[in-house]
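Below: query09.txt (compact mmCIF, C-alpha atoms (C1' of nucleotides))
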```txt
# COMPACT_ATOMS: atom_id res chain seq x y z
CA MET A 157 144.25 163.49 -3.71
CA PRO A 158 143.33 160.18 -4.82
CA GLU A 159 141.97 157.03 -3.24
CA GLY A 160 138.28 156.24 -3.03
CA PRO A 161 137.53 158.85 -0.36
CA GLU A 162 139.30 161.63 -2.22
CA LEU A 163 137.48 160.80 -5.44
CA HIS A 164 134.18 160.86 -3.62
CA LEU A 165 135.04 164.10 -1.85
CA ALA A 166 135.93 165.53 -5.24
CA SER A 167 132.47 164.63 -6.53
CA LEU A 168 130.88 166.29 -3.49
CA TYR A 169 133.01 169.34 -4.14
CA VAL A 170 131.92 169.57 -7.77
CA ASN A 171 128.27 169.24 -6.83
CA LYS A 172 128.62 171.91 -4.18
CA VAL A 173 130.48 174.54 -6.16
CA CYS A 174 128.59 173.91 -9.40
CA ASP A 175 125.17 173.99 -7.80
CA GLY A 176 123.13 176.51 -9.76
CA VAL A 177 126.08 177.47 -11.93
CA VAL A 178 125.67 177.57 -15.71
CA PHE A 179 128.55 176.61 -17.97
CA THR A 180 129.01 177.45 -21.60
CA GLY A 181 131.13 177.06 -24.68
CA GLN A 182 134.10 174.91 -25.51
CA ILE A 183 135.71 172.64 -22.96
CA ARG A 184 139.37 173.46 -23.13
CA LYS A 185 142.35 171.19 -22.78
CA SER A 186 145.92 172.08 -21.91
CA GLU A 187 148.50 171.96 -24.65
CA VAL A 188 150.49 169.31 -22.92
CA SER A 189 147.73 166.82 -22.17
CA LYS A 190 147.55 163.62 -24.18
CA CYS A 191 143.98 162.92 -23.12
CA PRO A 192 141.19 163.23 -25.68
CA ASP A 193 139.43 166.44 -26.61
CA VAL A 194 135.96 166.73 -25.18
CA PRO A 195 133.66 167.44 -28.11
CA PHE A 196 130.87 169.08 -26.20
CA THR A 197 129.68 172.56 -27.05
CA CYS A 198 126.63 174.06 -25.48
CA LYS A 199 125.36 177.56 -24.82
CA ALA A 200 124.22 176.57 -21.39
CA TYR A 201 124.78 173.43 -19.37
CA ARG A 202 125.13 172.26 -15.81
CA ILE A 203 127.71 169.98 -14.26
CA THR A 204 127.10 167.27 -11.68
CA ALA A 205 129.37 164.52 -10.41
CA THR A 206 129.25 161.05 -8.90
CA SER A 207 132.00 158.70 -7.84
CA ARG A 208 132.53 154.96 -7.92
CA GLY A 209 135.66 153.56 -6.31
CA LYS A 210 138.58 155.37 -7.85
CA GLU A 211 136.65 157.00 -10.67
CA VAL A 212 134.56 160.16 -10.94
CA LYS A 213 131.90 160.76 -13.54
CA LEU A 214 130.97 164.28 -14.59
CA THR A 215 127.60 164.71 -16.24
CA LEU A 216 127.16 167.73 -18.48
CA THR A 217 123.47 168.48 -18.86
CA PRO A 218 122.32 171.01 -21.45
CA ILE A 219 119.77 173.50 -20.27
CA LYS A 220 116.81 173.69 -22.58
CA SER A 221 116.71 176.99 -24.33
CA ASP A 222 113.53 179.07 -24.06
CA ASP A 223 113.86 179.89 -27.69
CA PRO A 224 113.97 176.76 -29.83
CA LYS A 225 115.18 178.74 -32.85
CA LYS A 226 118.43 179.51 -31.08
CA THR A 227 119.57 175.93 -30.89
CA VAL A 228 118.90 175.00 -34.49
CA ASN A 229 121.89 174.08 -36.60
CA THR A 230 124.51 175.54 -34.35
CA GLY A 231 126.22 172.32 -33.43
CA GLN A 232 124.87 172.70 -29.94
CA ALA A 233 124.61 169.65 -27.77
CA ASP A 234 121.16 168.83 -26.53
CA GLN A 235 122.04 165.46 -25.06
CA PRO A 236 123.90 165.08 -21.78
CA MET A 237 127.50 163.95 -21.91
CA GLU A 238 129.27 161.83 -19.33
CA ILE A 239 133.01 162.13 -18.80
CA PHE A 240 134.85 159.55 -16.70
CA PHE A 241 137.91 160.61 -14.75
CA ARG A 242 140.70 158.72 -13.05
CA PHE A 243 142.95 160.82 -10.86
CA GLY A 244 146.30 159.08 -11.07
CA MET A 245 148.53 160.21 -8.22
CA SER A 246 147.68 163.89 -8.22
CA GLY A 247 144.31 164.65 -9.80
CA TYR A 248 141.68 166.93 -8.30
CA PHE A 249 138.97 169.40 -9.25
CA SER A 250 139.25 173.11 -8.63
CA PHE A 251 136.69 175.85 -9.14
CA THR A 252 138.25 179.31 -9.37
CA ASN A 253 138.16 182.63 -11.10
CA GLU A 254 139.68 182.60 -14.51
CA ASP A 255 142.79 184.40 -13.31
CA GLU A 256 143.33 181.89 -10.54
CA ILE A 257 143.38 178.71 -12.56
CA PRO A 258 145.97 176.44 -10.96
CA LYS A 259 149.07 175.26 -12.72
CA HIS A 260 148.54 171.87 -14.38
CA ALA A 261 144.83 172.45 -15.02
CA HIS A 262 144.43 170.07 -17.97
CA LEU A 263 140.70 170.24 -18.64
CA ARG A 264 138.60 173.36 -18.07
CA PHE A 265 134.91 174.16 -18.05
CA TYR A 266 133.86 177.83 -18.24
CA THR A 267 130.84 179.44 -16.64
CA THR A 268 128.59 182.02 -18.26
CA GLU A 269 129.42 184.52 -15.52
CA LYS A 270 131.27 187.75 -16.10
CA PRO A 271 133.97 187.56 -15.11
CA CYS A 272 133.66 183.86 -15.63
CA ARG A 273 134.78 181.11 -13.31
CA VAL A 274 136.35 177.84 -14.28
CA LEU A 275 136.02 174.25 -13.14
CA SER A 276 139.43 172.67 -13.74
CA PHE A 277 140.67 169.13 -13.65
CA VAL A 278 144.13 169.63 -12.21
CA ASP A 279 146.72 166.89 -12.38
CA THR A 280 150.33 167.77 -11.70
CA ARG A 281 151.84 164.45 -12.66
CA ARG A 282 149.42 163.69 -15.50
CA PHE A 283 148.92 160.07 -14.50
CA GLY A 284 145.21 160.81 -14.46
CA SER A 285 142.91 160.58 -17.45
CA TRP A 286 139.44 161.37 -18.71
CA HIS A 287 137.20 159.56 -21.14
CA PRO A 288 134.33 161.42 -22.78
CA ASN A 289 131.32 159.22 -23.51
CA GLY A 290 132.95 156.42 -21.58
CA THR A 291 131.75 154.03 -18.92
CA TRP A 292 132.87 153.02 -15.48
CA GLN A 293 135.94 150.96 -16.21
CA PRO A 294 134.50 147.47 -16.63
CA GLU A 295 137.43 145.63 -15.05
CA ARG A 296 136.91 147.53 -11.82
CA GLY A 297 134.80 145.95 -9.13
CA PRO A 298 132.00 147.54 -7.13
CA CYS A 299 132.81 150.58 -5.02
CA VAL A 300 133.91 149.61 -1.52
CA MET A 301 132.05 152.59 -0.09
CA PHE A 302 128.83 152.87 -2.05
CA GLU A 303 128.25 149.40 -3.48
CA TYR A 304 129.07 147.59 -0.30
CA LYS A 305 126.80 144.61 -0.76
CA SER A 306 127.97 143.74 -4.25
CA PHE A 307 131.54 144.50 -3.24
CA ARG A 308 131.32 141.78 -0.61
CA GLU A 309 129.63 139.36 -2.93
CA ASN A 310 132.21 139.97 -5.61
CA VAL A 311 135.07 139.12 -3.26
CA VAL A 312 133.46 136.16 -1.55
CA SER A 313 132.27 134.54 -4.75
CA HIS A 314 135.74 134.73 -6.32
CA LEU A 315 137.95 133.52 -3.50
CA SER A 316 139.17 130.67 -5.67
CA ASP A 317 140.66 133.24 -8.04
CA ARG A 318 144.43 132.90 -8.13
CA VAL A 319 144.84 136.54 -7.23
CA PHE A 320 143.89 135.59 -3.66
CA ASP A 321 147.07 133.51 -3.49
CA ARG A 322 148.86 136.82 -3.16
CA PRO A 323 149.57 138.58 0.14
CA ILE A 324 146.57 140.41 1.49
CA CYS A 325 148.31 143.78 1.30
CA GLU A 326 148.83 143.35 -2.44
CA VAL A 327 145.35 142.03 -3.12
CA LEU A 328 143.84 145.05 -1.40
CA LEU A 329 145.23 147.17 -4.23
CA ASN A 330 143.56 145.01 -6.86
CA GLN A 331 140.79 147.22 -8.20
CA LYS A 332 138.93 144.30 -9.65
CA TYR A 333 137.98 143.43 -6.10
CA PHE A 334 138.78 146.49 -4.00
CA ASN A 335 137.78 149.45 -6.12
CA GLY A 336 138.67 152.49 -4.07
CA ILE A 337 141.37 151.07 -1.82
CA GLY A 338 144.82 152.57 -2.25
CA ASN A 339 148.11 152.60 -0.47
CA TYR A 340 147.20 154.51 2.65
CA LEU A 341 143.86 152.73 3.06
CA ARG A 342 145.33 149.24 2.87
CA ALA A 343 147.74 150.10 5.65
CA GLU A 344 145.05 151.62 7.82
CA ILE A 345 142.65 148.72 7.26
CA LEU A 346 145.15 145.98 8.05
CA TYR A 347 146.42 147.92 11.01
CA ARG A 348 142.97 148.20 12.56
CA LEU A 349 142.59 144.44 12.47
CA ASN A 350 146.13 143.53 13.34
CA ILE A 351 146.48 141.55 10.15
CA PRO A 352 150.08 141.01 9.04
CA PRO A 353 150.39 142.40 5.51
CA PHE A 354 152.01 139.37 3.90
CA VAL A 355 149.56 136.70 4.93
CA PRO A 356 147.97 135.02 1.91
CA ALA A 357 144.74 136.84 1.15
CA ARG A 358 142.70 133.67 0.95
CA THR A 359 143.80 132.69 4.44
CA VAL A 360 142.50 135.99 5.75
CA LEU A 361 139.27 135.91 3.79
CA GLU A 362 138.36 132.25 4.14
CA GLY A 363 135.05 131.83 5.88
CA VAL A 364 133.83 135.31 5.14
CA GLU A 365 130.13 135.55 4.60
CA SER A 366 129.01 137.36 1.54
CA GLU A 367 126.47 139.10 3.66
CA ASP A 368 127.67 141.36 6.42
CA VAL A 369 125.92 140.28 9.60
CA CYS A 370 126.16 143.81 10.83
CA GLU A 371 124.66 145.31 7.81
CA ASN A 372 121.27 145.94 9.27
CA GLU A 373 123.02 148.33 11.59
CA LYS A 374 123.30 150.31 8.40
CA PRO A 375 126.57 151.78 9.38
CA VAL A 376 128.27 154.22 8.51
CA TYR A 377 127.69 157.31 6.66
CA LYS A 378 127.97 159.40 9.76
CA HIS A 379 129.61 158.65 13.05
CA ILE A 380 131.08 155.29 12.34
CA THR A 381 133.38 153.80 14.84
CA GLY A 382 135.29 150.84 13.57
CA LYS A 383 135.75 149.53 17.05
CA LYS A 384 132.09 149.38 17.86
CA ASN A 385 131.33 147.62 14.65
CA SER A 386 133.87 144.91 15.24
CA GLU A 387 132.64 144.50 18.77
CA LYS A 388 129.14 144.06 17.46
CA ALA A 389 130.39 141.54 15.01
CA GLN A 390 131.98 139.55 17.76
CA GLU A 391 128.84 139.62 19.83
CA LYS A 392 127.07 138.12 16.89
CA GLY A 393 129.55 135.33 16.70
CA VAL A 394 131.42 136.41 13.65
CA LYS A 395 134.82 134.85 13.39
CA GLY A 396 136.82 137.92 14.02
CA GLU A 397 139.15 139.36 11.50
CA ALA A 398 138.02 137.94 8.25
CA SER A 399 134.53 139.23 8.10
CA ASP A 400 135.70 142.46 9.57
CA LEU A 401 138.20 142.92 6.82
CA LEU A 402 135.62 143.47 4.11
CA ARG A 403 133.64 145.64 6.41
CA MET A 404 136.73 147.68 7.20
CA CYS A 405 137.27 148.16 3.49
CA HIS A 406 133.90 149.89 3.63
CA THR A 407 134.02 151.79 6.90
CA VAL A 408 137.61 153.02 6.94
CA PRO A 409 137.31 154.93 3.65
CA LEU A 410 134.00 156.35 4.83
CA GLU A 411 135.70 157.66 7.94
CA VAL A 412 137.88 159.75 5.67
CA VAL A 413 134.84 161.02 3.81
CA ASN A 414 133.31 161.97 7.14
CA LEU A 415 136.38 163.85 8.32
CA GLY A 416 135.04 166.79 6.36
CA GLY A 417 138.32 167.82 4.78
CA LYS A 418 139.57 166.68 1.46
CA GLY A 419 141.31 163.55 2.64
CA TYR A 420 144.86 163.04 1.52
CA ASN A 421 145.53 166.49 0.20
CA PRO A 422 148.39 168.51 1.63
CA ALA A 423 147.00 171.67 0.06
CA ASP A 424 143.81 171.40 2.07
CA ALA A 425 143.31 173.61 5.07
CA ASP A 426 142.05 170.57 6.98
CA TYR A 427 144.98 168.39 6.04
CA SER A 428 146.18 168.21 9.61
CA GLY A 429 142.90 166.53 10.46
CA PHE A 430 143.64 163.82 7.95
CA VAL A 431 147.19 163.43 9.20
CA ALA A 432 145.89 163.07 12.72
CA TRP A 433 143.43 160.45 11.51
CA LEU A 434 146.18 158.23 10.11
CA GLN A 435 147.11 155.54 12.59
CA CYS A 436 149.65 153.61 10.55
CA TYR A 437 150.46 154.93 7.08
CA SER A 438 153.66 156.94 7.27
CA VAL A 439 153.25 157.23 11.00
CA ASP A 440 156.42 157.53 12.96
CA GLY A 441 157.17 154.30 14.76
CA MET A 442 155.40 152.06 12.24
CA LYS A 443 157.36 149.67 10.10
CA SER A 444 157.43 149.70 6.35
CA VAL A 445 158.70 147.44 3.60
CA GLN A 446 158.34 147.28 -0.16
CA ASP A 447 155.76 144.86 -1.43
CA HIS A 448 156.19 142.74 -4.49
CA ASN A 449 155.36 145.66 -6.76
CA GLY A 450 157.75 148.00 -5.07
CA ARG A 451 155.03 149.85 -3.18
CA THR A 452 155.58 150.74 0.42
CA ILE A 453 153.38 148.92 2.86
CA TRP A 454 153.17 150.35 6.37
CA PHE A 455 152.27 148.10 9.23
CA LYS A 456 152.27 147.82 12.93
CA VAL A 457 155.33 147.87 15.04
CA SER A 458 155.52 145.86 18.19
CA SER A 459 154.33 148.22 20.84
CA SER A 460 156.39 146.78 23.64
CA CYS A 461 159.74 145.68 22.38
CA ASN A 462 161.59 145.50 19.12
CA LEU A 463 163.45 142.42 20.27
CA ILE A 464 160.21 140.54 20.43
CA TYR A 465 159.43 141.76 16.99
CA GLU A 466 162.75 140.67 15.60
CA ALA A 467 162.40 137.28 17.24
CA GLY A 468 158.90 136.86 15.85
CA PHE A 469 160.09 137.74 12.41
CA TYR A 470 162.86 135.20 12.63
CA ILE A 471 160.74 132.42 14.01
CA SER A 472 157.97 132.95 11.53
CA HIS A 473 160.45 132.54 8.72
CA LEU A 474 161.59 129.26 10.16
CA PHE A 475 158.11 127.91 10.60
CA LYS A 476 156.38 129.80 7.85
CA LYS A 477 152.78 130.23 8.72
CA ILE A 478 152.92 129.13 12.31
CA CYS A 479 153.93 132.17 14.22
CA PHE A 480 152.61 135.66 13.95
CA PHE A 481 154.06 137.90 16.50
CA GLN A 482 152.78 141.37 16.60
CA GLY A 483 154.64 143.27 13.94
CA ASP A 484 155.38 140.24 11.82
CA PRO A 485 154.96 141.15 8.16
CA GLY A 486 153.73 137.62 7.43
CA PRO A 487 155.02 134.66 5.43
CA LEU A 488 154.73 136.06 1.92
CA LEU A 489 157.05 138.99 2.47
CA PRO A 490 159.15 139.17 -0.69
CA LYS A 491 162.50 137.54 -0.10
CA ASP A 492 164.35 140.62 -1.19
CA SER A 493 162.00 143.16 0.27
CA LYS A 494 163.79 146.07 1.74
CA SER A 495 162.63 148.83 3.95
CA PRO A 496 162.94 152.32 2.64
CA ARG A 497 165.65 154.42 4.08
CA VAL A 498 164.96 155.25 7.65
CA LYS A 499 163.04 158.43 7.77
CA LYS A 500 164.05 161.34 9.84
CA ARG A 501 162.02 162.17 12.82
CA ILE A 502 160.57 165.56 13.26
CA LYS A 503 163.11 168.06 14.39
CA LYS A 504 161.72 168.78 17.81
CA ASP A 505 162.62 165.56 19.50
CA ASP A 506 165.37 164.62 17.13
CA GLN A 507 168.09 164.25 19.71
CA ASP A 508 169.13 160.72 19.04
CA HIS A 509 171.09 160.42 15.82
CA THR A 510 172.37 156.94 16.33
CA TYR A 511 169.70 155.24 14.27
CA LYS A 512 170.22 157.45 11.27
CA LYS A 513 172.99 155.41 9.77
CA LYS A 514 172.50 155.71 6.09
CA LYS A 515 172.29 152.63 3.99
CA GLY A 516 174.95 152.43 1.30
CA ARG A 517 174.03 154.09 -1.93
CA ASN A 518 177.07 153.45 -4.05
CA ARG A 519 176.51 153.20 -7.72
CA SER A 520 178.02 150.21 -9.39
CA GLU A 521 180.62 150.70 -12.06
CA SER A 522 178.51 148.96 -14.62
CA THR A 523 175.62 151.31 -14.08
CA ILE A 524 177.84 154.26 -14.56
CA LYS A 525 179.27 152.77 -17.73
CA LYS A 526 175.86 152.12 -19.14
CA ARG A 527 174.92 155.68 -18.50
CA MET A 528 178.05 157.08 -20.05
CA THR A 529 177.70 155.14 -23.25
CA LYS A 530 174.13 156.11 -23.86
CA LYS A 531 173.47 158.82 -26.37
CA GLU A 532 170.79 161.17 -25.24
CA THR A 533 169.76 164.70 -24.69
CA PRO A 534 170.84 166.30 -21.45
CA LYS A 535 167.30 166.21 -20.12
CA LYS A 536 166.83 162.60 -21.06
CA ALA A 537 170.15 161.84 -19.48
CA LYS A 538 168.90 163.23 -16.25
CA ASP A 539 165.69 161.25 -16.36
CA GLU A 540 167.64 158.15 -17.22
CA ARG A 541 169.95 158.74 -14.33
CA GLN A 542 167.05 159.05 -11.95
CA ARG A 543 165.44 155.94 -13.29
CA GLU A 544 168.64 154.00 -13.01
CA ALA A 545 169.13 155.28 -9.54
CA GLY A 546 165.71 153.94 -8.72
CA SER A 547 166.17 150.50 -10.19
CA ARG A 548 169.69 150.19 -8.94
CA ARG A 549 168.43 150.85 -5.48
CA ARG A 550 165.72 148.26 -5.86
CA LYS A 551 168.06 145.66 -7.24
CA THR A 552 171.14 146.11 -5.16
CA GLU A 553 169.95 147.25 -1.82
CA ARG A 554 167.17 144.92 -0.98
CA THR A 555 167.64 143.13 2.25
CA GLN A 556 165.42 141.16 4.51
CA GLU A 557 165.57 143.94 6.94
CA VAL A 558 162.56 145.87 8.02
CA SER A 559 162.84 149.40 9.16
CA THR A 560 162.89 149.63 12.90
CA PRO A 561 163.69 153.19 13.68
CA ARG A 562 164.93 153.41 17.20
CA ARG A 563 163.05 156.13 18.83
CA ARG A 564 161.04 156.90 21.86
CA LYS A 565 158.55 154.29 22.85
CA SER A 566 155.71 153.89 20.47
CA SER A 567 152.99 156.44 20.87
CA LYS A 568 150.47 153.61 20.91
CA ALA A 569 150.74 153.63 24.68
CA GLU A 570 150.06 157.30 25.02
CA PRO A 571 147.19 159.32 23.66
CA THR A 572 147.54 160.57 20.13
CA THR A 573 149.33 163.82 19.89
CA GLY A 574 148.44 164.61 16.34
CA SER A 575 151.17 165.55 13.95
CA LEU A 576 153.82 165.26 16.60
CA ARG A 577 153.91 161.54 16.10
CA ARG A 578 154.04 161.76 12.34
CA SER A 579 157.17 161.42 10.39
CA ARG A 580 158.60 164.59 9.13
CA ARG A 581 157.29 164.48 5.63
CA PHE A 582 153.78 164.54 6.92
CA ALA A 583 154.22 167.49 9.18
CA LYS A 584 152.50 170.60 8.00
C1' DC B 100 173.03 170.67 -6.77
C1' DG B 101 171.51 165.44 -6.80
C1' DT B 102 168.69 161.75 -4.85
C1' DC B 103 164.61 159.73 -3.18
C1' DC B 104 159.90 159.58 -2.66
C1' DA B 105 154.86 160.19 -3.52
C1' DC B 106 147.53 158.99 -2.86
C1' DG B 107 148.13 154.69 -9.64
C1' DT B 108 147.70 152.51 -13.26
C1' DC B 109 149.40 150.60 -17.98
C1' DT B 110 151.90 147.83 -21.42
C1' DA B 111 155.81 145.74 -23.28
C1' DC B 112 159.41 142.27 -22.70
C1' DT C 177 157.44 141.85 -13.39
C1' DA C 178 160.25 145.56 -14.57
C1' DG C 179 159.75 149.85 -16.60
C1' DA C 180 157.11 153.99 -18.19
C1' DC C 181 154.52 157.78 -17.47
C1' DC C 182 155.30 162.82 -14.82
C1' DT C 183 156.16 166.86 -11.41
C1' DG C 184 157.70 168.69 -7.23
C1' DG C 185 158.75 168.58 -2.22
C1' DA C 186 162.03 167.04 1.33
C1' DC C 187 166.39 166.15 2.39
C1' DG C 188 171.58 165.68 2.13
C1' DG C 189 176.11 167.28 0.57
```
Please express the file's structure as structure tokens.
Amino acid sequence: MPEGPELHLASLYVNKVCDGVVFTGQIRKSEVSKCPDVPFTCKAYRITATSRGKEVKLTLTPIKSDDPKKTVNTGQADQPMEIFFRFGMSGYFSFTNEDEIPKHAHLRFYTTEKPCRVLSFVDTRRFGSWHPNGTWQPERGPCVMFEYKSFRENVVSHLSDRVFDRPICEVLLNQKYFNGIGNYLRAEILYRLNIPPFVPARTVLEGVESEDVCENEKPVYKHITGKKNSEKAQEKGVKGEASDLLRMCHTVPLEVVNLGGKGYNPADADYSGFVAWLQCYSVDGMKSVQDHNGRTIWFKVSSSCNLIYEAGFYISHLFKKICFFQGDPGPLLPKDSKSPRVKKRIKKDDQDHTYKKKKGRNRSESTIKKRMTKKETPKKAKDERQREAGSRRRKTERTQEVSTPRRRKSSKAEPTTGSLRRSRRFAK
DNA sequence: CGTCCACGTCTAC
DNA sequence: TAGACCTGGACGG
């Protein structure tokens, strides 16, 4: 579920389903979780939620008992408790009957109802975490969605920070400055502004005002249109991209909130709405490469002609910063960045197989040897194999090539046709 | 069956 | 700046 919008939608969900609901008793943790116990016991309490960037805070508020005698010396909480959640790659909240608790529900809050219901923190991969009596993580910057003003100020006042030497696509994942932006949002944001992903961040952000000149238009919560905002900005003489970038970091996530679904969540009934909203991330016809941290960055493909793209890529590498053709990843593209394997198109129009040449995936002898000589349990051996497969791929297969799936002309020219233009893995 | 990939941090060389 | 931490879906043989 989890970039800023999903975390916020999760907090809205909690507030909606827990409205008027009374919880009670121990908060229970799954056997397998390594997160802390939550030492909160109360005969009757309510749950509310708020979000900030990529964190959610649950507040457990005891309900005052009518009978003071009842709460004496029973270890009952009478003070509220705050629990801070991060969602990792797969966290979400679920409110169900007790017999419908999802698999991988690692923290559970029980209602007083009979039969009772349960608010669960579900996290398949367990990269998420919770922190009872914690705080918002202090290293994280202001929320791009709900602390917009201080978010801008925080970026603008720290542009001399060395982190802004990095490519803009990598800096957008830095939660010290862009709390709430994740992998799909960075692609969507850069795409909207036509900013090549591997341009130095400072170059893109130089000249940005800490105050958004459009801010009195008080965007955004409902009915934002990124286009209109940038047009307004231009009317007001803002120098294009740069000032828009911070604004886009605000408006694009809010668009997802306003979609009404649950954002990036394949299990959601409205998931197709989210998929249709994506313009770049994992969209068929877009290019993708690995950034410096091995994360896939999606960006715009030349709409007219791949030859122009290839030429632009070549020329820009000769002259570094000078040339940015449409589709150019930018000058800071890692030297050994490779594109992921070409993804299959959706079956329907999958007539042309010529582009599906698979990249070599031969394991080196040395890797095999290493594996054979290691002593480990069968399960560990499997994990190890997978890990080695991963790193071997990263180390041996990187090329300067960028994925340019040959396919029908980019759908940019034609009206969006929803999931039809998505790559297969996003079809639902 | 095996391999690759995924919405994110963390921390140990 | 690799890896570690995890599970499971999609895909290929």
What are the residues of chain A that have an atom within 8 Å of an atom of chain C, counting all atoms listed in the file, as a short mmCIF file (atom, residue, chain, number, x, y, z; two decimals) with C-alpha atoms, in the coordinates of the input?
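That gives us out-v2.cif:
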```
data_model
loop_
_atom_site.label_atom_id
_atom_site.label_comp_id
_atom_site.auth_asym_id
_atom_site.auth_seq_id
_atom_site.Cartn_x
_atom_site.Cartn_y
_atom_site.Cartn_z
CA THR A 280 150.33 167.77 -11.70
CA ARG A 281 151.84 164.45 -12.66
CA ARG A 282 149.42 163.69 -15.50
CA PHE A 283 148.92 160.07 -14.50
CA ASN A 449 155.36 145.66 -6.76
CA ARG A 581 157.29 164.48 5.63
#
```
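For the atom pair formed by CA of Gln446 in chain A and CA of Trp433 in chain A, the distance is 23.1 Å, given to one decimal.
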Taking a cut-off of 12 Å and counting all atoms listed in the file, can you build a table that, for each residue of chain B near chain A, reports the nearest atom pair and how far apart they are in Å (one decimal), sorted by chain then residue number, as CSV?
```
residue,atom,partner,partner_atom,distance
B:DG101,C1',A:Gln542,CA,9.3
B:DT102,C1',A:Gln542,CA,7.8
B:DC103,C1',A:Gly546,CA,8.1
B:DC104,C1',A:Pro496,CA,9.5
B:DA105,C1',A:Met245,CA,7.9
B:DC106,C1',A:Pro158,CA,4.8
B:DG107,C1',A:Gly244,CA,5.0
B:DT108,C1',A:Gly244,CA,7.1
B:DC109,C1',A:Phe283,CA,10.1
```
Legend entry - Gap from CA of Arg273 in chain A to CA of Gly181 in chain A - Å, one decimal: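 According to the coordinates, CA of Arg273 in chain A and CA of Gly181 in chain A are separated by 12.6 Å.
Omitting Thr252 in chain A and its sequence neighbours fewer than 6 positions away, and counting only C-alpha atoms (C1' of nucleotides), the residues within 12 Å are A:Val170, A:Val173, A:Cys174, A:Pro258, A:Ala261, A:Arg264, A:Phe265, A:Tyr266, A:Thr267, A:Glu269, A:Pro271, A:Cys272, A:Arg273, A:Val274, A:Leu275, A:Ser276, A:Phe277, A:Val278.
Note that CA of Thr197 in chain A and CA of Asn253 in chain A are 20.7 Å apart.
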Select all residues near (135.8, 148.0, -4.7) (cut-off 10 Å, inclusive, file coordinates), counting only C-alpha atoms (C1' of nucleotides), and output them as a PDB file with C-alpha atoms, keeping the file's coordinate frame.
```pdb
ATOM      1  CA  GLY A 160     138.280 156.240  -3.030  1.00  0.00           C
ATOM      2  CA  ARG A 208     132.530 154.960  -7.920  1.00  0.00           C
ATOM      3  CA  GLY A 209     135.660 153.560  -6.310  1.00  0.00           C
ATOM      4  CA  LYS A 210     138.580 155.370  -7.850  1.00  0.00           C
ATOM      5  CA  ARG A 296     136.910 147.530 -11.820  1.00  0.00           C
ATOM      6  CA  GLY A 297     134.800 145.950  -9.130  1.00  0.00           C
ATOM      7  CA  PRO A 298     132.000 147.540  -7.130  1.00  0.00           C
ATOM      8  CA  CYS A 299     132.810 150.580  -5.020  1.00  0.00           C
ATOM      9  CA  VAL A 300     133.910 149.610  -1.520  1.00  0.00           C
ATOM     10  CA  MET A 301     132.050 152.590  -0.090  1.00  0.00           C
ATOM     11  CA  PHE A 302     128.830 152.870  -2.050  1.00  0.00           C
ATOM     12  CA  GLU A 303     128.250 149.400  -3.480  1.00  0.00           C
ATOM     13  CA  TYR A 304     129.070 147.590  -0.300  1.00  0.00           C
ATOM     14  CA  SER A 306     127.970 143.740  -4.250  1.00  0.00           C
ATOM     15  CA  PHE A 307     131.540 144.500  -3.240  1.00  0.00           C
ATOM     16  CA  ARG A 308     131.320 141.780  -0.610  1.00  0.00           C
ATOM     17  CA  ASN A 310     132.210 139.970  -5.610  1.00  0.00           C
ATOM     18  CA  VAL A 311     135.070 139.120  -3.260  1.00  0.00           C
ATOM     19  CA  LEU A 328     143.840 145.050  -1.400  1.00  0.00           C
ATOM     20  CA  LEU A 329     145.230 147.170  -4.230  1.00  0.00           C
ATOM     21  CA  ASN A 330     143.560 145.010  -6.860  1.00  0.00           C
ATOM     22  CA  GLN A 331     140.790 147.220  -8.200  1.00  0.00           C
ATOM     23  CA  LYS A 332     138.930 144.300  -9.650  1.00  0.00           C
ATOM     24  CA  TYR A 333     137.980 143.430  -6.100  1.00  0.00           C
ATOM     25  CA  PHE A 334     138.780 146.490  -4.000  1.00  0.00           C
ATOM     26  CA  ASN A 335     137.780 149.450  -6.120  1.00  0.00           C
ATOM     27  CA  GLY A 336     138.670 152.490  -4.070  1.00  0.00           C
ATOM     28  CA  ILE A 337     141.370 151.070  -1.820  1.00  0.00           C
ATOM     29  CA  LEU A 402     135.620 143.470   4.110  1.00  0.00           C
ATOM     30  CA  CYS A 405     137.270 148.160   3.490  1.00  0.00           C
ATOM     31  CA  HIS A 406     133.900 149.890   3.630  1.00  0.00           C
TER      32      HIS A 406
END
```
So for chain B, what box centre and size do we get, axis-aligned, 5 Å extra on each of the six sides, every listed atom, Å to one decimal, as AutoDock Vina command-line options?
```
--center_x 160.3 --center_y 156.5 --center_z -13.0 --size_x 35.5 --size_y 38.4 --size_z 30.6
```
